[in-house]
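S.K.: One structure, pasted below without further comment.
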Amino acid sequence: SLGRVLVIGAGYQGEGVVRALGAERNRLGVQSITLSSRNSETGQKQAKILSDLYGLDVRYTQNIREGFETIFTATTSSTPVLTREDLFS
């Protein structure tokens with residue numbers, strides 16, 4: 001069971017992950033999907049678009065330390081988007 005899922009990245013890669021999770025949410029045991037992005041305005045807009053487009057409840061957060069069971073990084077960032085402290089604090 002994937003439980004509470006965080007997807008880091010609000011671009012096309014993040015959309016693909018959300019779409020796949022939504023399609024298989026029951027089989028994978030997805031309880032919730034939360035999206036995070038460096039740009040909060042973009043992230044909030046994309047969460048709403050994905051919710052409407054796929055009939056999911058996709059939320060937005062800037063706090064990636066909320067206690068997610070599963071984290072997907074879906075970004076082309078050339079610098080790390082997660083640190084050890086983010087995962088183990």
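Each chain in the structure tokens gets a letter, A, B and so on, in the order shown; residues start at 1 in every chain, and ligands are counted from 1 in the order they appear.
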As a list in words, please: all residues of chain A that backbone DSSP puts in strand (DSSP E or B).
M.R.: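 Answer for chain A, restricted to strand (DSSP E or B): Gly3, Arg4, Val5, Leu6, Val7, Ile8, Val30, Gln31, Ser32, Ile33, Thr34, Leu35, Ser36, Val58, Arg59, Tyr60, Thr70, Ile71, Phe72 and Thr73 of chain A.
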S.K.: Any idea what's packed within 12 Å of Asn39 in chain A, counting only C-alpha atoms, ignoring anything in its chain fewer than 4 positions away? Could you give it as a PyMOL selection string?
M.R.: chain A and resi 8-11+35+43-46+60-62
S.K.: Can I get the selection written as a CSV table (one decimal), in the first residue's frame, with N, CA and C atoms?
M.R.:
```csv
chain,number,residue,atom,x,y,z
A,8,ILE,N,6.7,15.3,-6.1
A,8,ILE,CA,7.5,16.5,-6.2
A,8,ILE,C,7.7,16.8,-7.6
A,9,GLY,N,7.1,17.9,-8.1
A,9,GLY,CA,7.3,18.3,-9.5
A,9,GLY,C,5.9,18.5,-10.1
A,10,ALA,N,5.6,19.7,-10.6
A,10,ALA,CA,4.3,20.0,-11.1
A,10,ALA,C,4.2,20.2,-12.6
A,11,GLY,N,5.3,19.7,-13.3
A,11,GLY,CA,5.3,19.8,-14.7
A,11,GLY,C,4.8,18.5,-15.3
A,35,LEU,N,0.8,17.2,-4.2
A,35,LEU,CA,1.7,17.7,-5.2
A,35,LEU,C,2.5,18.8,-4.5
A,43,GLY,N,2.3,25.2,-8.6
A,43,GLY,CA,1.9,24.0,-7.9
A,43,GLY,C,0.4,24.0,-7.5
A,44,GLN,N,-0.1,25.1,-7.0
A,44,GLN,CA,-1.5,25.2,-6.7
A,44,GLN,C,-2.4,25.1,-7.9
A,45,LYS,N,-2.0,25.8,-8.9
A,45,LYS,CA,-2.8,25.7,-10.2
A,45,LYS,C,-2.8,24.3,-10.8
A,46,GLN,N,-1.6,23.7,-10.8
A,46,GLN,CA,-1.5,22.3,-11.3
A,46,GLN,C,-2.3,21.3,-10.5
A,60,TYR,N,-2.1,20.5,-2.8
A,60,TYR,CA,-0.8,21.1,-2.9
A,60,TYR,C,-0.2,21.4,-1.5
A,61,THR,N,1.1,21.2,-1.4
A,61,THR,CA,1.8,21.6,-0.2
A,61,THR,C,3.2,22.1,-0.5
A,62,GLN,N,3.8,22.9,0.3
A,62,GLN,CA,5.2,23.3,0.3
A,62,GLN,C,5.9,22.5,1.3
```
S.K.: With only C-alpha atoms as the basis for distance, which of A:Gln31, A:Thr79, A:Asn63, A:Thr73 is at the shortest distance from Gly14 in chain A?
M.R.: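 Distance minimum relative to Gly14 in chain A lands on A:Thr73.
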S.K.: Give me the residues within 8 Å of Ser32 in chain A as a CSV table (one decimal) with N, CA, C and O atoms, in the first residue's frame, counting only C-alpha atoms and dropping any in the same chain fewer than 4 places off.
M.R.:
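After the write, around.csv holds the following:
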```csv
chain,number,residue,atom,x,y,z
A,3,GLY,N,-0.2,4.3,0.5
A,3,GLY,CA,-0.7,5.3,1.5
A,3,GLY,C,-0.8,6.7,1.0
A,3,GLY,O,-1.3,7.0,-0.1
A,4,ARG,N,-0.3,7.6,1.8
A,4,ARG,CA,-0.2,9.0,1.5
A,4,ARG,C,0.9,9.3,0.6
A,4,ARG,O,2.1,9.1,1.0
A,5,VAL,N,0.7,9.8,-0.6
A,5,VAL,CA,1.7,9.9,-1.6
A,5,VAL,C,2.0,11.4,-1.9
A,5,VAL,O,1.1,12.2,-2.0
A,57,ASP,N,-8.7,14.0,-5.9
A,57,ASP,CA,-8.5,15.1,-5.0
A,57,ASP,C,-7.0,15.2,-4.8
A,57,ASP,O,-6.3,14.6,-3.9
A,58,VAL,N,-6.4,16.1,-5.6
A,58,VAL,CA,-4.9,16.3,-5.6
A,58,VAL,C,-4.8,17.6,-4.8
A,58,VAL,O,-5.3,18.7,-5.2
```
S.K.: Counting only C-alpha atoms, what is within 10 Å of Phe88 in chain A, bar same-chain residues fewer than 5 positions away, as a list in words?
M.R.: Arg65, Gly67 and Thr83 of chain A
S.K.: Determine, counting only C-alpha atoms, which protein, DNA and RNA residues have an atom within 7 Å of an atom of Ile71 in chain A; residues of the same chain fewer than 3 positions away are not included. Present the result as a ChimeraX atom specification.
M.R.: /A:5-7,68
S.K.: Going by DSSP on the backbone, which residues of chain A come out as alpha helix (DSSP H)? List them as a VMD selection string.
M.R.: chain A and resid 12 to 23 25 to 28 40 to 54 84 to 88
S.K.: Could you write those residues out with N, CA, C and O atoms, as a compact mmCIF listing (two decimals), in the first residue's frame?
M.R.:
```
# COMPACT_ATOMS: atom_id res chain seq x y z
N TYR A 12 5.18 18.25 -16.58
CA TYR A 12 4.63 17.11 -17.31
C TYR A 12 4.98 15.77 -16.67
O TYR A 12 4.19 14.83 -16.71
N GLN A 13 6.16 15.65 -16.05
CA GLN A 13 6.51 14.40 -15.38
C GLN A 13 5.62 14.17 -14.16
O GLN A 13 5.14 13.07 -13.93
N GLY A 14 5.39 15.22 -13.40
CA GLY A 14 4.50 15.12 -12.24
C GLY A 14 3.09 14.76 -12.65
O GLY A 14 2.43 13.95 -12.00
N GLU A 15 2.62 15.34 -13.74
CA GLU A 15 1.29 15.01 -14.24
C GLU A 15 1.19 13.53 -14.60
O GLU A 15 0.21 12.87 -14.29
N GLY A 16 2.23 13.01 -15.23
CA GLY A 16 2.23 11.59 -15.60
C GLY A 16 2.17 10.69 -14.38
O GLY A 16 1.45 9.68 -14.38
N VAL A 17 2.90 11.03 -13.34
CA VAL A 17 2.87 10.24 -12.11
C VAL A 17 1.48 10.29 -11.47
O VAL A 17 0.93 9.26 -11.08
N VAL A 18 0.91 11.49 -11.39
CA VAL A 18 -0.43 11.64 -10.80
C VAL A 18 -1.46 10.85 -11.60
O VAL A 18 -2.30 10.15 -11.04
N ARG A 19 -1.37 10.94 -12.91
CA ARG A 19 -2.32 10.22 -13.77
C ARG A 19 -2.21 8.70 -13.54
O ARG A 19 -3.22 8.02 -13.40
N ALA A 20 -0.99 8.18 -13.48
CA ALA A 20 -0.80 6.75 -13.25
C ALA A 20 -1.28 6.33 -11.87
O ALA A 20 -1.93 5.29 -11.71
N LEU A 21 -0.98 7.13 -10.86
CA LEU A 21 -1.44 6.82 -9.50
C LEU A 21 -2.95 6.83 -9.43
O LEU A 21 -3.56 5.98 -8.78
N GLY A 22 -3.56 7.81 -10.08
CA GLY A 22 -5.02 7.89 -10.08
C GLY A 22 -5.66 6.70 -10.75
O GLY A 22 -6.67 6.16 -10.26
N ALA A 23 -5.08 6.26 -11.86
CA ALA A 23 -5.65 5.13 -12.60
C ALA A 23 -5.57 3.83 -11.81
O ALA A 23 -6.43 2.95 -11.93
N ARG A 25 -5.13 3.71 -8.29
CA ARG A 25 -5.15 4.04 -6.86
C ARG A 25 -5.70 2.94 -5.98
O ARG A 25 -5.19 2.70 -4.88
N ASN A 26 -6.74 2.25 -6.42
CA ASN A 26 -7.29 1.18 -5.58
C ASN A 26 -6.34 0.00 -5.48
O ASN A 26 -6.10 -0.52 -4.39
N ARG A 27 -5.78 -0.41 -6.60
CA ARG A 27 -4.86 -1.55 -6.60
C ARG A 27 -3.59 -1.24 -5.81
O ARG A 27 -3.05 -2.11 -5.13
N LEU A 28 -3.12 0.01 -5.88
CA LEU A 28 -1.89 0.40 -5.21
C LEU A 28 -2.11 0.86 -3.77
O LEU A 28 -1.14 1.11 -3.05
N SER A 40 4.99 27.96 -5.74
CA SER A 40 3.70 27.63 -5.11
C SER A 40 2.52 27.99 -6.00
O SER A 40 1.52 27.26 -6.03
N GLU A 41 2.60 29.08 -6.75
CA GLU A 41 1.49 29.45 -7.62
C GLU A 41 1.27 28.38 -8.70
O GLU A 41 0.14 27.94 -8.94
N THR A 42 2.35 27.94 -9.32
CA THR A 42 2.26 26.88 -10.33
C THR A 42 1.74 25.59 -9.72
O THR A 42 0.88 24.92 -10.29
N GLY A 43 2.26 25.23 -8.56
CA GLY A 43 1.85 24.00 -7.89
C GLY A 43 0.38 23.99 -7.54
O GLY A 43 -0.31 22.98 -7.74
N GLN A 44 -0.11 25.10 -7.02
CA GLN A 44 -1.53 25.18 -6.65
C GLN A 44 -2.42 25.08 -7.89
O GLN A 44 -3.43 24.37 -7.88
N LYS A 45 -2.04 25.77 -8.95
CA LYS A 45 -2.82 25.71 -10.19
C LYS A 45 -2.81 24.31 -10.76
O LYS A 45 -3.85 23.79 -11.19
N GLN A 46 -1.65 23.67 -10.78
CA GLN A 46 -1.54 22.33 -11.35
C GLN A 46 -2.32 21.31 -10.52
O GLN A 46 -2.95 20.41 -11.08
N ALA A 47 -2.31 21.43 -9.21
CA ALA A 47 -3.09 20.52 -8.37
C ALA A 47 -4.58 20.63 -8.70
O ALA A 47 -5.28 19.62 -8.81
N LYS A 48 -5.06 21.85 -8.90
CA LYS A 48 -6.47 22.05 -9.27
C LYS A 48 -6.76 21.47 -10.65
O LYS A 48 -7.76 20.78 -10.85
N ILE A 49 -5.88 21.73 -11.61
CA ILE A 49 -6.06 21.21 -12.97
C ILE A 49 -6.10 19.68 -12.95
O ILE A 49 -6.97 19.06 -13.57
N LEU A 50 -5.16 19.06 -12.25
CA LEU A 50 -5.10 17.60 -12.20
C LEU A 50 -6.32 17.02 -11.49
O LEU A 50 -6.84 15.97 -11.89
N SER A 51 -6.77 17.69 -10.45
CA SER A 51 -7.98 17.24 -9.75
C SER A 51 -9.17 17.24 -10.70
O SER A 51 -9.92 16.26 -10.78
N ASP A 52 -9.33 18.32 -11.42
CA ASP A 52 -10.46 18.45 -12.35
C ASP A 52 -10.33 17.50 -13.53
O ASP A 52 -11.30 16.86 -13.93
N LEU A 53 -9.14 17.40 -14.07
CA LEU A 53 -8.90 16.60 -15.27
C LEU A 53 -9.10 15.11 -15.04
O LEU A 53 -9.69 14.41 -15.86
N TYR A 54 -8.62 14.62 -13.90
CA TYR A 54 -8.65 13.19 -13.63
C TYR A 54 -9.65 12.78 -12.56
O TYR A 54 -9.71 11.61 -12.17
N ARG A 84 18.59 14.51 3.06
CA ARG A 84 18.46 13.48 4.10
C ARG A 84 17.56 14.00 5.23
O ARG A 84 16.74 13.28 5.77
N GLU A 85 17.70 15.27 5.56
CA GLU A 85 16.90 15.87 6.62
C GLU A 85 15.40 15.89 6.26
O GLU A 85 14.55 15.73 7.12
N ASP A 86 15.11 16.09 4.98
CA ASP A 86 13.71 16.06 4.55
C ASP A 86 13.10 14.69 4.80
O ASP A 86 11.93 14.58 5.17
N LEU A 87 13.87 13.65 4.59
CA LEU A 87 13.35 12.29 4.71
C LEU A 87 13.35 11.77 6.14
O LEU A 87 12.49 10.96 6.50
N PHE A 88 14.31 12.20 6.96
CA PHE A 88 14.48 11.59 8.27
C PHE A 88 14.37 12.57 9.42
O PHE A 88 14.94 12.37 10.47
```
S.K.: Name the closest residue to Ser36 in chain A among the candidates A:Leu56, A:Ser77, A:Glu24, A:Ile64; distances are taken between atoms, counting only C-alpha atoms.
M.R.: A:Ile64
